[in-house]
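Peer 1: Can you keep this structure in mind? I'll have questions shortly.
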Amino acid sequence: MTDGTTRVFTWEEGARIEVRNLGGEIVIEANAAGLKTLAGHLLTLAQDGTPDGAHLHLEESNGLEEGSVSLILERCDDE
């Protein structure tokens with residue numbers, strides 16, 4: 001919930017998302033359900049009325065595959 005508005009982040013059934021840090025590159029590997037899930041998360045953050053700084057943490061214990069590095073999706077409207 002941000003500014004009194006609830007944002008719902010949903011997960012597609014069977015979603016698999018892995019995030020790897022290869023030094024100079026970050027690789028996000030996902031099955032079709034995982035890609036739809038990430039797209040939905042980004043669309044949720046892009047909704048009108050979502051405040052600057054709203055974010056979602058994805059970690060091994062929160063949706064990512066074992067061995068993944070953490071990923072934060074954050075809205076930033078500053079130019």
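A note on labels: chains of the structure tokens are A, B, ... as shown, every chain counts residues from 1, and ligands are counted from 1 in their shown order.
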Which neighbours of Asp78 in chain A fall inside 10 Å, counting only C-alpha atoms, when residues of the same chain fewer than 3 positions from it are skipped, and could you give them as a short mmCIF file (atom, residue, chain, number, x, y, z; two decimals) with N, CA, C and O atoms, in the first residue's frame?

Peer 2:
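The result, stored in out.cif:
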```cif
data_model
loop_
_atom_site.label_atom_id
_atom_site.label_comp_id
_atom_site.auth_asym_id
_atom_site.auth_seq_id
_atom_site.Cartn_x
_atom_site.Cartn_y
_atom_site.Cartn_z
N ASP A 52 6.41 7.98 -6.77
CA ASP A 52 7.84 7.86 -6.99
C ASP A 52 8.44 7.11 -5.79
O ASP A 52 8.08 7.36 -4.65
N GLY A 53 9.31 6.16 -6.06
CA GLY A 53 9.96 5.41 -4.98
C GLY A 53 9.26 4.12 -4.62
O GLY A 53 9.82 3.31 -3.87
N ARG A 75 10.01 2.38 -9.04
CA ARG A 75 9.52 3.47 -9.89
C ARG A 75 10.30 4.73 -9.54
O ARG A 75 10.45 5.08 -8.36
#
```

Peer 1: Can you pull out every residue from chain A that DSSP, working from the backbone, puts in alpha helix (DSSP H), and format the result as a list of chain:residue names?

Peer 2: A:Ala32, A:Ala33, A:Gly34, A:Leu35, A:Lys36, A:Thr37, A:Leu38, A:Ala39, A:Gly40, A:His41, A:Leu42, A:Leu43, A:Thr44, A:Leu45, A:Ala46

Peer 1: Find the residue from A:Asp77, A:Leu45, A:Asn62, A:Leu71 that sits nearest to Ile28 in chain A; use only C-alpha atoms when measuring.

Peer 2: A:Leu71

Peer 1: Just want the 10 Å neighbourhood of Val27 in chain A, counted on only C-alpha atoms, with same-chain residues fewer than 6 positions away dropped. Output as a PyMOL selection string.

Peer 2: chain A and resi 18-21+68-69

Peer 1: As a VMD selection string, please: all residues of range 5-66 of chain A that backbone DSSP puts in strand (DSSP E).

Peer 2: chain A and resid 17 to 21 26 to 30 55 to 58

Peer 1: So what do you get for CA of Trp11 in chain A versus CA of Thr37 in chain A, distance-wise?

Peer 2: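 Answer for the CA of Trp11 in chain A to CA of Thr37 in chain A separation: 5.3 Å.
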
Peer 1: Kindly give the distance, in Å, that separates CA of Ile17 in chain A and CA of Gly34 in chain A, rounded to a single decimal.

Peer 2: 5.4 Å

Peer 1: Can you measure CA of Ile72 in chain A to CA of Leu56 in chain A for me? One decimal in Å is fine.

Peer 2: 5.7 Å
